[in-house]
file work.csv (CSV, C-alpha atoms and all ligand atoms)
chain,number,residue,atom,x,y,z
A,1,MET,CA,-11.1,-23.3,-16.4
A,2,THR,CA,-8.3,-20.8,-15.7
A,3,ASP,CA,-10.7,-17.8,-16.1
A,4,ASP,CA,-13.3,-19.5,-13.9
A,5,THR,CA,-10.7,-20.2,-11.2
A,6,LEU,CA,-9.4,-16.7,-11.3
A,7,ASN,CA,-12.9,-15.2,-11.2
A,8,ARG,CA,-13.7,-17.4,-8.2
A,9,ILE,CA,-10.6,-16.3,-6.3
A,10,GLU,CA,-11.2,-12.7,-7.2
A,11,GLN,CA,-14.7,-12.9,-5.7
A,12,LYS,CA,-13.3,-14.4,-2.6
A,13,VAL,CA,-10.8,-11.5,-2.3
A,14,TYR,CA,-13.6,-8.9,-2.7
A,15,SER,CA,-15.7,-10.6,0.0
A,16,GLY,CA,-12.8,-10.7,2.4
A,17,GLU,CA,-12.5,-14.5,2.4
A,18,ARG,CA,-9.1,-16.1,3.0
A,19,ILE,CA,-7.1,-17.4,0.0
A,20,THR,CA,-5.8,-21.0,0.5
A,21,PHE,CA,-2.3,-22.3,-0.2
A,22,ASP,CA,-3.4,-23.9,-3.5
A,23,GLU,CA,-5.2,-20.7,-4.6
A,24,GLY,CA,-2.0,-18.8,-3.7
A,25,ILE,CA,0.0,-21.0,-6.0
A,26,PHE,CA,-2.5,-20.5,-8.7
A,27,LEU,CA,-2.3,-16.8,-8.4
A,28,ASP,CA,1.5,-16.8,-8.3
A,29,GLU,CA,1.9,-19.1,-11.3
A,30,ARG,CA,-1.1,-18.2,-13.5
A,31,ALA,CA,-2.8,-14.8,-12.7
A,32,ASP,CA,-1.9,-11.9,-14.9
A,33,LEU,CA,-0.3,-8.8,-13.3
A,34,LEU,CA,-3.2,-6.4,-13.7
A,35,THR,CA,-5.7,-8.8,-12.2
A,36,LEU,CA,-3.4,-9.5,-9.3
A,37,GLY,CA,-2.9,-5.7,-8.9
A,38,ARG,CA,-6.7,-5.0,-9.0
A,39,MET,CA,-7.4,-7.5,-6.2
A,40,ALA,CA,-4.4,-6.3,-4.1
A,41,ASN,CA,-5.4,-2.7,-4.5
A,42,HIS,CA,-8.9,-3.5,-3.3
A,43,VAL,CA,-7.5,-5.1,-0.1
A,44,ARG,CA,-5.1,-2.2,0.3
A,45,GLU,CA,-7.8,0.4,0.0
A,46,ARG,CA,-10.1,-1.5,2.3
A,47,LYS,CA,-7.4,-1.6,5.0
A,48,ASN,CA,-5.6,1.8,4.5
A,49,GLY,CA,-7.8,3.9,2.3
A,50,ASN,CA,-5.8,6.3,0.2
A,51,PHE,CA,-3.0,6.8,2.8
A,52,ALA,CA,0.6,6.0,2.0
A,53,TYR,CA,2.9,5.9,5.0
A,54,TYR,CA,6.5,6.7,5.4
A,55,ASN,CA,8.8,7.4,8.3
A,56,THR,CA,11.9,9.5,9.0
A,57,ASN,CA,14.6,7.0,9.9
A,58,VAL,CA,18.3,6.3,9.9
A,59,HIS,CA,20.1,2.9,9.5
A,60,LEU,CA,22.9,1.7,11.7
A,61,ASN,CA,24.8,-1.5,10.8
A,62,PRO,CA,27.4,-1.6,13.7
A,63,THR,CA,29.5,-4.4,12.2
A,64,ASN,CA,29.6,-6.3,8.9
A,65,VAL,CA,31.8,-9.1,10.5
A,66,CYS,CA,29.7,-12.2,10.4
A,67,VAL,CA,30.2,-15.9,11.3
A,68,TYR,CA,27.7,-16.9,8.6
A,69,ARG,CA,28.3,-17.0,4.9
A,70,CYS,CA,24.8,-16.6,3.5
A,71,ARG,CA,25.0,-16.9,-0.3
A,72,PHE,CA,22.7,-14.0,-1.0
A,73,CYS,CA,24.7,-11.5,1.2
A,74,ALA,CA,27.2,-9.0,-0.2
A,75,PHE,CA,27.5,-7.1,3.1
A,76,ARG,CA,29.2,-9.6,5.4
A,77,ALA,CA,33.0,-9.7,6.0
A,78,ASP,CA,35.4,-12.2,7.4
A,79,LEU,CA,36.9,-11.2,10.8
A,80,ARG,CA,40.2,-10.1,9.2
A,81,ALA,CA,39.0,-9.0,5.8
A,82,GLU,CA,40.0,-5.5,4.6
A,83,LYS,CA,36.4,-4.4,4.4
A,84,ALA,CA,35.6,-5.6,8.0
A,85,TYR,CA,34.5,-2.8,10.4
A,86,VAL,CA,33.2,-2.4,13.9
A,87,PHE,CA,31.6,0.7,15.2
A,88,THR,CA,32.8,2.3,18.5
A,89,ASP,CA,30.5,3.8,21.1
A,90,ASP,CA,31.4,7.2,19.8
A,91,MET,CA,30.4,6.3,16.3
A,92,ILE,CA,27.1,4.9,17.5
A,93,ARG,CA,26.5,8.1,19.5
A,94,GLU,CA,27.3,10.2,16.5
A,95,ARG,CA,24.9,8.3,14.3
A,96,VAL,CA,22.0,8.7,16.6
A,97,LEU,CA,22.7,12.4,17.2
A,98,GLU,CA,22.8,12.8,13.4
A,99,ALA,CA,19.4,11.0,13.3
A,100,ARG,CA,18.0,13.4,15.8
A,101,SER,CA,19.3,16.4,13.9
A,102,ASN,CA,17.6,15.0,10.8
A,103,GLY,CA,14.3,14.7,12.6
A,104,ALA,CA,14.3,10.9,12.7
A,105,THR,CA,11.8,9.1,14.9
A,106,GLU,CA,13.5,5.7,14.4
A,107,ILE,CA,16.9,4.1,14.2
A,108,HIS,CA,17.0,0.7,12.4
A,109,VAL,CA,19.8,-1.4,13.6
A,110,VAL,CA,21.0,-4.7,12.2
A,111,GLY,CA,24.4,-6.2,11.5
A,112,GLY,CA,26.6,-9.2,11.4
A,113,LEU,CA,27.1,-11.9,14.0
A,114,HIS,CA,30.7,-11.0,15.1
A,115,HIS,CA,32.9,-14.0,16.0
A,116,GLN,CA,34.3,-12.2,19.1
A,117,LYS,CA,31.6,-9.9,20.4
A,118,LYS,CA,29.7,-11.0,23.4
A,119,PHE,CA,26.0,-10.2,24.0
A,120,ASP,CA,27.0,-7.3,26.2
A,121,TRP,CA,28.5,-5.5,23.1
A,122,TYR,CA,25.1,-5.7,21.3
A,123,LEU,CA,23.2,-4.8,24.5
A,124,ASN,CA,25.5,-1.8,25.0
A,125,ILE,CA,24.6,-0.5,21.5
A,126,VAL,CA,21.0,-0.4,22.4
A,127,ARG,CA,21.8,1.3,25.8
A,128,VAL,CA,24.1,3.9,24.2
A,129,LEU,CA,21.4,4.8,21.6
A,130,HIS,CA,18.7,5.0,24.1
A,131,GLU,CA,20.7,7.0,26.7
A,132,THR,CA,21.8,9.5,24.0
A,133,CYS,CA,18.4,10.0,22.3
A,134,PRO,CA,15.6,8.4,24.4
A,135,GLU,CA,12.9,9.9,22.1
A,136,ILE,CA,14.2,7.9,19.1
A,137,HIS,CA,12.5,4.5,18.7
A,138,ILE,CA,15.1,1.6,18.5
A,139,LYS,CA,14.0,-1.1,16.0
A,140,ALA,CA,16.9,-3.5,16.3
A,141,TRP,CA,18.2,-7.0,15.8
A,142,THR,CA,16.6,-9.6,13.6
A,143,ALA,CA,15.3,-12.9,14.9
A,144,VAL,CA,18.6,-14.5,13.6
A,145,GLU,CA,20.6,-12.1,15.9
A,146,ILE,CA,18.3,-12.7,18.8
A,147,GLY,CA,18.7,-16.4,18.3
A,148,TRP,CA,22.4,-15.9,18.2
A,149,PHE,CA,22.4,-14.0,21.5
A,150,SER,CA,20.4,-16.8,23.1
A,151,PHE,CA,23.0,-19.3,21.8
A,152,ILE,CA,26.1,-17.4,23.0
A,153,THR,CA,24.6,-16.5,26.4
A,154,LYS,CA,23.0,-20.0,26.8
A,155,GLN,CA,19.9,-18.1,28.0
A,156,PRO,CA,16.3,-18.4,26.8
A,157,ILE,CA,15.0,-16.0,24.1
A,158,GLU,CA,12.7,-14.5,26.7
A,159,TRP,CA,15.7,-13.5,28.8
A,160,VAL,CA,17.5,-12.0,25.9
A,161,LEU,CA,14.5,-9.9,24.9
A,162,LYS,CA,13.9,-8.7,28.4
A,163,GLU,CA,17.5,-7.5,28.7
A,164,LEU,CA,17.2,-5.7,25.3
A,165,VAL,CA,13.9,-4.1,26.2
A,166,ASP,CA,15.3,-2.9,29.6
A,167,ALA,CA,18.1,-1.3,27.7
A,168,GLY,CA,15.7,0.6,25.4
A,169,LEU,CA,14.7,-1.8,22.5
A,170,GLY,CA,11.4,-0.7,21.0
A,171,SER,CA,10.6,-3.3,18.3
A,172,MET,CA,12.2,-5.8,16.0
A,173,PRO,CA,12.8,-5.6,12.2
A,174,GLY,CA,11.7,-8.4,9.9
A,175,GLY,CA,15.0,-9.5,8.4
A,176,GLY,CA,16.6,-13.0,8.5
A,177,ALA,CA,13.4,-14.7,7.2
A,178,GLU,CA,14.7,-15.2,3.7
A,179,ILE,CA,12.7,-18.2,2.5
A,180,PHE,CA,11.5,-20.6,5.2
A,181,HIS,CA,11.2,-23.7,3.2
A,182,PRO,CA,14.2,-26.0,3.9
A,183,GLU,CA,14.5,-27.0,0.2
A,184,ILE,CA,15.7,-23.4,-0.4
A,185,ARG,CA,16.8,-22.2,3.0
A,186,ASP,CA,19.4,-25.0,3.1
A,187,GLN,CA,20.9,-23.7,-0.1
A,188,LEU,CA,20.9,-20.1,0.9
A,189,CYS,CA,22.0,-20.1,4.5
A,190,GLU,CA,22.4,-23.7,5.8
A,191,HIS,CA,23.6,-22.9,9.2
A,192,LYS,CA,21.5,-19.9,10.1
A,193,ALA,CA,18.4,-20.0,12.3
A,194,ASP,CA,15.8,-22.1,10.5
A,195,ALA,CA,12.1,-21.3,10.1
A,196,THR,CA,11.1,-22.8,13.4
A,197,ASN,CA,13.7,-20.7,15.2
A,198,TRP,CA,12.8,-17.5,13.4
A,199,ILE,CA,9.1,-18.0,14.1
A,200,ALA,CA,9.8,-18.9,17.8
A,201,VAL,CA,11.7,-15.6,18.3
A,202,HIS,CA,8.9,-13.5,16.8
A,203,ARG,CA,6.3,-15.4,18.9
A,204,ALA,CA,8.3,-14.7,22.0
A,205,ALA,CA,8.7,-11.1,21.1
A,206,HIS,CA,5.0,-10.7,20.5
A,207,GLN,CA,4.2,-12.5,23.8
A,208,ALA,CA,6.6,-10.0,25.5
A,209,GLY,CA,4.5,-7.1,24.0
A,210,LEU,CA,7.0,-6.2,21.3
A,211,ARG,CA,5.8,-5.5,17.7
A,212,SER,CA,7.8,-6.8,14.8
A,213,ASN,CA,7.9,-7.0,11.0
A,214,ALA,CA,8.4,-9.9,8.6
A,215,THR,CA,10.2,-10.2,5.3
A,216,MET,CA,10.6,-12.6,2.4
A,217,LEU,CA,13.6,-12.6,0.1
A,218,TYR,CA,12.5,-13.5,-3.4
A,219,GLY,CA,13.9,-13.7,-6.9
A,220,HIS,CA,16.7,-16.2,-6.4
A,221,LEU,CA,16.3,-20.0,-6.2
A,222,GLU,CA,12.8,-20.2,-4.9
A,223,GLN,CA,9.6,-21.2,-6.8
A,224,ALA,CA,5.9,-20.3,-6.2
A,225,LYS,CA,5.4,-23.2,-3.7
A,226,HIS,CA,8.2,-21.9,-1.5
A,227,ARG,CA,6.9,-18.3,-1.6
A,228,ILE,CA,3.3,-19.3,-0.8
A,229,ASP,CA,4.5,-21.6,2.0
A,230,HIS,CA,6.5,-18.7,3.5
A,231,LEU,CA,3.5,-16.4,3.4
A,232,CYS,CA,1.2,-19.1,4.9
A,233,ARG,CA,3.6,-19.7,7.8
A,234,LEU,CA,3.6,-15.9,8.6
A,235,ARG,CA,-0.1,-15.8,8.3
A,236,ASP,CA,-0.5,-18.6,10.8
A,237,LEU,CA,1.8,-16.9,13.4
A,238,GLN,CA,-0.1,-13.6,12.9
A,239,ASP,CA,-3.4,-15.5,13.6
A,240,GLU,CA,-1.9,-16.6,16.9
A,241,THR,CA,-0.2,-13.4,18.1
A,242,ALA,CA,-1.3,-10.4,16.0
A,243,GLY,CA,2.1,-9.0,16.7
A,244,PHE,CA,3.3,-8.3,13.1
A,245,GLN,CA,2.9,-4.8,11.8
A,246,THR,CA,4.3,-4.9,8.3
A,247,PHE,CA,5.3,-7.4,5.7
A,248,ILE,CA,8.2,-6.4,3.4
A,249,PRO,CA,8.9,-8.5,0.2
A,250,LEU,CA,12.7,-8.0,-0.4
A,251,ALA,CA,13.9,-8.2,-4.0
A,252,PHE,CA,17.1,-10.1,-4.3
A,253,HIS,CA,20.1,-8.1,-5.5
A,254,PRO,CA,22.7,-10.4,-6.9
A,255,GLU,CA,25.8,-8.3,-7.4
A,256,ASN,CA,28.9,-9.3,-5.3
A,257,THR,CA,27.0,-12.3,-3.8
A,258,GLY,CA,27.5,-16.0,-4.1
A,259,LEU,CA,24.5,-16.1,-6.5
A,260,ASP,CA,25.7,-13.4,-8.9
A,261,GLN,CA,24.8,-15.6,-11.9
A,262,ILE,CA,21.1,-14.9,-11.2
A,263,HIS,CA,19.4,-11.9,-12.8
A,264,LYS,CA,17.8,-9.3,-10.5
A,265,PRO,CA,14.0,-9.6,-10.4
A,266,THR,CA,12.2,-7.6,-13.0
A,267,GLY,CA,9.6,-4.8,-12.3
A,268,SER,CA,6.8,-7.2,-13.1
A,269,MET,CA,8.1,-9.8,-10.6
A,270,ASP,CA,8.4,-7.1,-7.9
A,271,LEU,CA,4.8,-5.9,-8.4
A,272,ARG,CA,3.5,-9.4,-8.5
A,273,MET,CA,5.2,-10.1,-5.1
A,274,ILE,CA,3.8,-7.0,-3.5
A,275,ALA,CA,0.3,-7.8,-4.8
A,276,LEU,CA,0.5,-11.5,-3.9
A,277,SER,CA,1.6,-10.7,-0.4
A,278,ARG,CA,-1.2,-8.2,0.1
A,279,ILE,CA,-3.8,-10.8,-1.1
A,280,MET,CA,-2.4,-13.7,1.0
A,281,LEU,CA,-1.6,-11.8,4.2
A,282,ASP,CA,-5.2,-10.8,5.1
A,283,ASN,CA,-4.3,-10.4,8.7
A,284,PHE,CA,-1.3,-8.0,8.2
A,285,ASP,CA,-2.2,-4.3,8.3
A,286,HIS,CA,0.6,-3.1,6.1
A,287,ILE,CA,2.7,-4.1,3.1
A,288,LYS,CA,5.9,-2.1,2.6
A,289,ALA,CA,7.4,-1.3,-0.8
A,290,TYR,CA,11.0,-0.8,0.3
A,291,TRP,CA,12.1,1.8,-2.2
A,292,ILE,CA,15.8,1.1,-1.5
A,293,MET,CA,15.4,-2.4,-3.1
A,294,LEU,CA,12.7,-1.7,-5.6
A,295,GLY,CA,13.9,1.6,-6.9
A,296,GLU,CA,11.8,4.7,-6.6
A,297,GLN,CA,9.7,4.1,-9.7
A,298,ILE,CA,8.6,0.6,-8.9
A,299,ALA,CA,8.0,1.5,-5.3
A,300,GLN,CA,5.8,4.3,-6.5
A,301,VAL,CA,3.8,2.0,-8.8
A,302,ALA,CA,3.6,-0.5,-5.9
A,303,LEU,CA,1.3,1.9,-4.1
A,304,GLY,CA,-1.4,0.9,-6.6
A,305,PHE,CA,-0.5,-2.8,-6.4
A,306,GLY,CA,-1.1,-3.5,-2.7
A,307,ALA,CA,1.6,-1.5,-0.9
A,308,ASP,CA,0.7,1.2,1.6
A,309,ASP,CA,4.1,2.1,3.0
A,310,LEU,CA,7.4,3.2,1.4
A,311,ASP,CA,9.6,2.8,4.6
A,312,GLY,CA,11.6,5.9,5.2
A,313,THR,CA,14.2,8.4,4.5
A,314,VAL,CA,16.8,5.6,5.3
A,315,VAL,CA,20.0,7.5,5.6
A,316,HIS,CA,23.1,5.3,5.5
A,317,GLU,CA,21.8,2.1,3.9
A,318,ILE,CA,24.6,-0.3,3.0
A,319,ILE,CA,23.3,-3.9,2.9
A,320,TYR,CA,21.7,-3.5,-0.6
A,321,HIS,CA,24.2,-1.0,-1.9
A,322,ASP,CA,27.0,-3.5,-1.3
A,323,ALA,CA,24.8,-5.9,-3.4
A,324,GLY,CA,24.5,-3.4,-6.3
A,325,ALA,CA,21.4,-1.3,-5.4
A,326,LYS,CA,21.5,1.8,-7.6
A,327,THR,CA,19.1,3.8,-5.5
A,328,PRO,CA,20.4,6.8,-3.4
A,329,GLU,CA,21.3,6.0,0.2
A,330,GLY,CA,18.6,8.2,1.4
A,331,LEU,CA,15.6,10.3,0.3
A,332,SER,CA,14.4,13.7,1.5
A,333,VAL,CA,10.9,13.9,3.0
A,334,GLU,CA,9.9,16.3,0.2
A,335,HIS,CA,11.0,13.7,-2.4
A,336,LEU,CA,9.0,10.9,-0.6
A,337,HIS,CA,6.0,13.2,-0.6
A,338,ARG,CA,6.3,13.8,-4.3
A,339,LEU,CA,6.6,10.1,-5.1
A,340,ILE,CA,3.5,9.4,-3.0
A,341,ARG,CA,1.4,12.4,-4.3
A,342,GLU,CA,2.2,11.6,-7.9
A,343,SER,CA,0.9,8.1,-7.5
A,344,GLY,CA,-2.4,9.5,-6.3
A,345,ARG,CA,-2.0,8.8,-2.6
A,346,GLU,CA,-1.9,10.9,0.5
A,347,PRO,CA,1.4,10.9,2.4
A,348,VAL,CA,1.2,10.3,6.1
A,349,GLU,CA,4.3,10.3,8.3
A,350,ARG,CA,4.1,7.5,10.8
A,351,ASP,CA,6.4,6.4,13.7
A,352,THR,CA,7.6,2.8,14.0
A,353,LEU,CA,4.4,1.8,15.7
A,354,TYR,CA,2.1,3.4,13.0
A,355,ARG,CA,1.1,6.4,15.0
A,356,LYS,CA,0.8,9.7,13.1
A,357,VAL,CA,3.8,12.0,13.6
A,358,LEU,CA,2.9,15.6,14.3
A,359,ARG,CA,5.6,18.1,13.6
A,360,ASP,CA,6.1,21.6,14.8
A,361,GLY,CA,9.3,23.0,13.5
A,362,ALA,CA,12.2,20.9,14.7
A,363,SER,CA,10.1,19.1,17.4
A,364,TRP,CA,7.6,16.3,17.0
A,365,THR,CA,5.1,14.3,18.9
A,366,VAL,CA,3.0,11.3,18.0
A,367,GLY,CA,-0.8,11.0,17.8
A,368,GLU,CA,-3.1,8.0,18.2
A,369,PRO,CA,-2.4,4.8,16.4
A,370,LEU,CA,-3.5,5.0,12.7
A,371,MET,CA,-6.3,2.4,12.3
A,372,ALA,CA,-6.1,-0.1,9.5
A,373,GLY,CA,-9.5,-1.4,8.5
A,401,LIG,O1,17.5,-10.6,6.0
A,401,LIG,C1,20.6,-9.3,2.4
A,401,LIG,C2,18.1,-9.1,2.9
A,401,LIG,C3,17.5,-8.5,5.0
A,401,LIG,C4,20.5,-9.1,0.2
A,401,LIG,O2,11.7,-4.6,9.3
A,401,LIG,C5,19.2,-8.9,0.7
A,401,LIG,O3,11.2,-2.6,8.6
A,401,LIG,C6,18.4,-8.5,-1.3
A,401,LIG,O4,15.1,-7.2,6.7
A,401,LIG,N1,19.7,-8.7,-1.9
A,401,LIG,C7,17.7,-7.4,6.0
A,401,LIG,N2,18.2,-8.6,0.0
A,401,LIG,C8,16.9,-6.1,5.8
A,401,LIG,C9,15.5,-6.2,6.3
A,401,LIG,C10,14.6,-5.0,6.4
A,401,LIG,C11,14.8,-3.9,5.5
A,401,LIG,C12,14.0,-2.8,5.5
A,401,LIG,C13,13.0,-2.7,6.5
A,401,LIG,C14,12.9,-3.7,7.4
A,401,LIG,C15,11.9,-3.6,8.5
A,401,LIG,C16,13.7,-4.9,7.3
A,401,LIG,O5,18.0,-8.0,3.8
A,401,LIG,C17,18.1,-9.8,5.1
A,401,LIG,C18,18.0,-10.4,3.7
A,401,LIG,O6,16.8,-11.0,3.5
A,401,LIG,N3,19.3,-9.1,2.0
A,401,LIG,N4,21.3,-9.3,1.3
A,401,LIG,C19,20.7,-8.9,-1.2
A,401,LIG,N5,21.9,-9.2,-1.7

call {"tool": "encode", "arguments": {"input": "work.csv", "output": "structure tokens"}}
result
Amino acid sequence: MTDDTLNRIEQKVYSGERITFDEGIFLDERADLLTLGRMANHVRERKNGNFAYYNTNVHLNPTNVCVYRCRFCAFRADLRAEKAYVFTDDMIRERVLEARSNGATEIHVVGGLHHQKKFDWYLNIVRVLHETCPEIHIKAWTAVEIGWFSFITKQPIEWVLKELVDAGLGSMPGGGAEIFHPEIRDQLCEHKADATNWIAVHRAAHQAGLRSNATMLYGHLEQAKHRIDHLCRLRDLQDETAGFQTFIPLAFHPENTGLDQIHKPTGSMDLRMIALSRIMLDNFDHIKAYWIMLGEQIAQVALGFGADDLDGTVVHEIIYHDAGAKTPEGLSVEHLHRLIRESGREPVERDTLYRKVLRDGASWTVGEPLMAG
């Protein structure tokens, strides 16, 4: 029976048919890793051939002070904690100038929800970045942050997004999604934006013409039914808006968090999550193996288990390093190329919007959007 079911699902995947919620649970709970990987690799190659994408980017986390106390987070700080910090305009300028000198095409900006900072402070960060280096794409603020800005300004999400876009925002990252299902979300981050709010922000962003990413934090308290529910909710929104670019499964890092009794997910679990998301999210073009969280080795293998993107050079990563990530804080382009080539794929540098980056010495331009099949 198990073999019959698995064969039937595998045939559906090969013929491009959508996998149901129940079939997703079956795959998550019962399918062996290599069968999952074979199916996911089929979808991955159908959509992206032999290409493996990366980008040249830099992270900026302007403050770690946060009103919320999410149990999985090692990065946040109380307002008066010793480790609390807030970037000045000069520090922000310095970071984006450093990004430019590293050849970055993107700056990825997320942080805490500071008790005392008004929306203008966050808006000003985008403005300073954009005015200093207008050629660098600003991917900033998760749906949780956008929801917070709407709450503190008492303005609709659409107004918040328009202000940010006018200041220079280019797209939104996929953080803050965690696990949508309330059975788990209430245990992880009870007071933070719930699934309905997270989805409403991304819907509004897509309707305003912004592209965004989506994530799922796995390997903590959740079970298969919560993971598959999460993927199905994202798939539904993508059917409606087609605004998501990439899905990023995020492996939970327990060190220094309120859940430090839990073991970090194993390599098998990581590869299963990459493969499962590739199979379930038939309407997403890209699946990212975020090497910072997975480690270079698993991220490399993930390119054969459904992933087609490694994220980027990621200089200055701190959210996962505070939670015990042992990866370097950044990788050189040469090293990313080696990781990709040695896994049998062809490296392609993309910008945030998945256009090919064409380099000529220190300058760069972008080509046409790379088409996913
Ligand atoms: O929402 C926080 C996660 C997310 C931990 O869009 C943790 O391209 C594991 O979303 N262990 C923020 N995960 C980061 C994020 C992201 C990263 C890379 C690329 C993109 C993109 C988005 O990080 C949070 C949360 O789910 N997180 N703490 C931890 N201890």

call {"tool": "residues_near_point", "arguments": {"input": "work.csv", "point": "(5.7, -22.5, 2.5)", "cutoff": "12 Å", "atoms": "all atoms listed in the file", "output": "JSON, numbers by chain"}}
result
{"A": [20, 21, 22, 24, 25, 177, 178, 179, 180, 181, 182, 183, 184, 185, 195, 216, 222, 223, 224, 225, 226, 227, 228, 229, 230, 231, 232, 233, 234, 235, 236]}

call {"tool": "residues_near_ligand", "arguments": {"input": "work.csv", "ligand": "ligand LIG 401 (chain A)", "cutoff": "7 Å", "atoms": "all atoms listed in the file", "output": "list in words"}}
result
Phe72, Cys73, Ala74, Phe75, Met172, Pro173, Gly174, Gly175, Gly176, Ala177, Glu178, Asn213, Ala214, Thr215, Met216, Leu217, Ile248, Leu250, Ala251, Phe252, His253, Pro254, Glu255, Thr257, Tyr290, Asp311, Ile319, Tyr320 and Ala323 of chain A

call {"tool": "residues_around", "arguments": {"input": "work.csv", "residues": "A:Ile107", "least_positions_apart": "6", "cutoff": "6 Å", "atoms": "only C-alpha atoms", "output": "MDAnalysis selection string"}}
result
chainID A and resid 57:59 138

call {"tool": "closest_residue", "arguments": {"input": "work.csv", "among": "A:Ala307, A:Leu331, A:Leu169, A:Leu237", "to": "A:His42", "atoms": "all atoms listed in the file"}}
result
A:Ala307

call {"tool": "closest_residue", "arguments": {"input": "work.csv", "among": "A:Asp282, A:Val126, A:Arg80, A:Leu259", "to": "A:Val13", "atoms": "all atoms listed in the file"}}
result
A:Asp282

call {"tool": "closest_residue", "arguments": {"input": "work.csv", "among": "A:Cys133, A:Ala143, A:Leu27, A:Ile292", "to": "A:Val110", "atoms": "all atoms listed in the file"}}
result
A:Ala143

call {"tool": "atom_distance", "arguments": {"input": "work.csv", "atom1": "atom CA of A:Ala40", "atom2": "atom CA of A:Asn283"}}
result
13.4 Å

call {"tool": "closest_residue", "arguments": {"input": "work.csv", "among": "A:Trp148, A:Asp78, A:Gly49, A:Thr142", "to": "A:Asn64", "atoms": "only C-alpha atoms"}}
result
A:Asp78

call {"tool": "closest_residue", "arguments": {"input": "work.csv", "among": "A:Glu329, A:Glu45, A:Asp260, A:Asp28", "to": "A:Glu317", "atoms": "all atoms listed in the file"}}
result
A:Glu329

call {"tool": "atom_distance", "arguments": {"input": "work.csv", "atom1": "atom CA of A:Glu10", "atom2": "atom CA of A:Asn41"}}
result
11.9 Å

call {"tool": "residues_around", "arguments": {"input": "work.csv", "residues": "A:Lys117", "least_positions_apart": "4", "cutoff": "10 Å", "atoms": "only C-alpha atoms", "output": "list in words"}}
result
Val65, Leu113, Trp121, Tyr122 and Ile152 of chain A

call {"tool": "residues_around", "arguments": {"input": "work.csv", "residues": "stretch 96-104 of chain A", "least_positions_apart": "4", "cutoff": "10 Å", "atoms": "only C-alpha atoms", "output": "compact mmCIF listing (two decimals) with C-alpha atoms, in the coordinates of the input"}}
result
# COMPACT_ATOMS: atom_id res chain seq x y z
CA ASN A 55 8.80 7.40 8.30
CA THR A 56 11.90 9.50 9.00
CA ASN A 57 14.60 7.00 9.90
CA VAL A 58 18.30 6.30 9.90
CA HIS A 59 20.10 2.90 9.50
CA LEU A 60 22.90 1.70 11.70
CA MET A 91 30.40 6.30 16.30
CA ILE A 92 27.10 4.90 17.50
CA VAL A 128 24.10 3.90 24.20
CA LEU A 129 21.40 4.80 21.60
CA HIS A 130 18.70 5.00 24.10
CA THR A 132 21.80 9.50 24.00
CA CYS A 133 18.40 10.00 22.30
CA GLU A 135 12.90 9.90 22.10
CA ILE A 136 14.20 7.90 19.10
CA HIS A 137 12.50 4.50 18.70
CA GLY A 312 11.60 5.90 5.20
CA THR A 313 14.20 8.40 4.50
CA VAL A 314 16.80 5.60 5.30
CA VAL A 315 20.00 7.50 5.60
CA SER A 332 14.40 13.70 1.50
CA ASP A 351 6.40 6.40 13.70
CA ARG A 359 5.60 18.10 13.60
CA GLY A 361 9.30 23.00 13.50
CA ALA A 362 12.20 20.90 14.70
CA SER A 363 10.10 19.10 17.40
CA TRP A 364 7.60 16.30 17.00

call {"tool": "closest_residue", "arguments": {"input": "work.csv", "among": "A:Trp141, A:Tyr354, A:Tyr53, A:Phe305", "to": "A:Gly37", "atoms": "only C-alpha atoms"}}
result
A:Phe305

call {"tool": "build_atoms", "arguments": {"input": "work.csv", "residues": "stretch 66-72 of chain A", "atoms": "N, CA, C and O atoms", "output": "PDB file, keeping the file's coordinate frame"}}
result
ATOM      1  N   CYS A  66      30.735 -11.275  10.183  1.00  0.00           N
ATOM      2  CA  CYS A  66      29.700 -12.200  10.400  1.00  0.00           C
ATOM      3  C   CYS A  66      30.192 -13.669  10.360  1.00  0.00           C
ATOM      4  O   CYS A  66      30.953 -14.013   9.449  1.00  0.00           O
ATOM      5  N   VAL A  67      29.762 -14.486  11.318  1.00  0.00           N
ATOM      6  CA  VAL A  67      30.200 -15.900  11.300  1.00  0.00           C
ATOM      7  C   VAL A  67      29.523 -16.684  10.192  1.00  0.00           C
ATOM      8  O   VAL A  67      30.046 -17.710   9.783  1.00  0.00           O
ATOM      9  N   TYR A  68      28.408 -16.198   9.706  1.00  0.00           N
ATOM     10  CA  TYR A  68      27.700 -16.900   8.600  1.00  0.00           C
ATOM     11  C   TYR A  68      28.156 -16.450   7.262  1.00  0.00           C
ATOM     12  O   TYR A  68      28.663 -15.345   7.110  1.00  0.00           O
ATOM     13  N   ARG A  69      27.928 -17.320   6.286  1.00  0.00           N
ATOM     14  CA  ARG A  69      28.300 -17.000   4.900  1.00  0.00           C
ATOM     15  C   ARG A  69      27.054 -17.211   4.022  1.00  0.00           C
ATOM     16  O   ARG A  69      27.052 -18.089   3.148  1.00  0.00           O
ATOM     17  N   CYS A  70      26.009 -16.432   4.267  1.00  0.00           N
ATOM     18  CA  CYS A  70      24.800 -16.600   3.500  1.00  0.00           C
ATOM     19  C   CYS A  70      25.103 -16.265   2.020  1.00  0.00           C
ATOM     20  O   CYS A  70      25.756 -15.255   1.737  1.00  0.00           O
ATOM     21  N   ARG A  71      24.620 -17.099   1.114  1.00  0.00           N
ATOM     22  CA  ARG A  71      25.000 -16.900  -0.300  1.00  0.00           C
ATOM     23  C   ARG A  71      24.450 -15.683  -0.941  1.00  0.00           C
ATOM     24  O   ARG A  71      24.952 -15.222  -1.958  1.00  0.00           O
ATOM     25  N   PHE A  72      23.385 -15.141  -0.352  1.00  0.00           N
ATOM     26  CA  PHE A  72      22.700 -14.000  -1.000  1.00  0.00           C
ATOM     27  C   PHE A  72      23.327 -12.662  -0.447  1.00  0.00           C
ATOM     28  O   PHE A  72      22.905 -11.585  -0.861  1.00  0.00           O
TER      29      PHE A  72
END
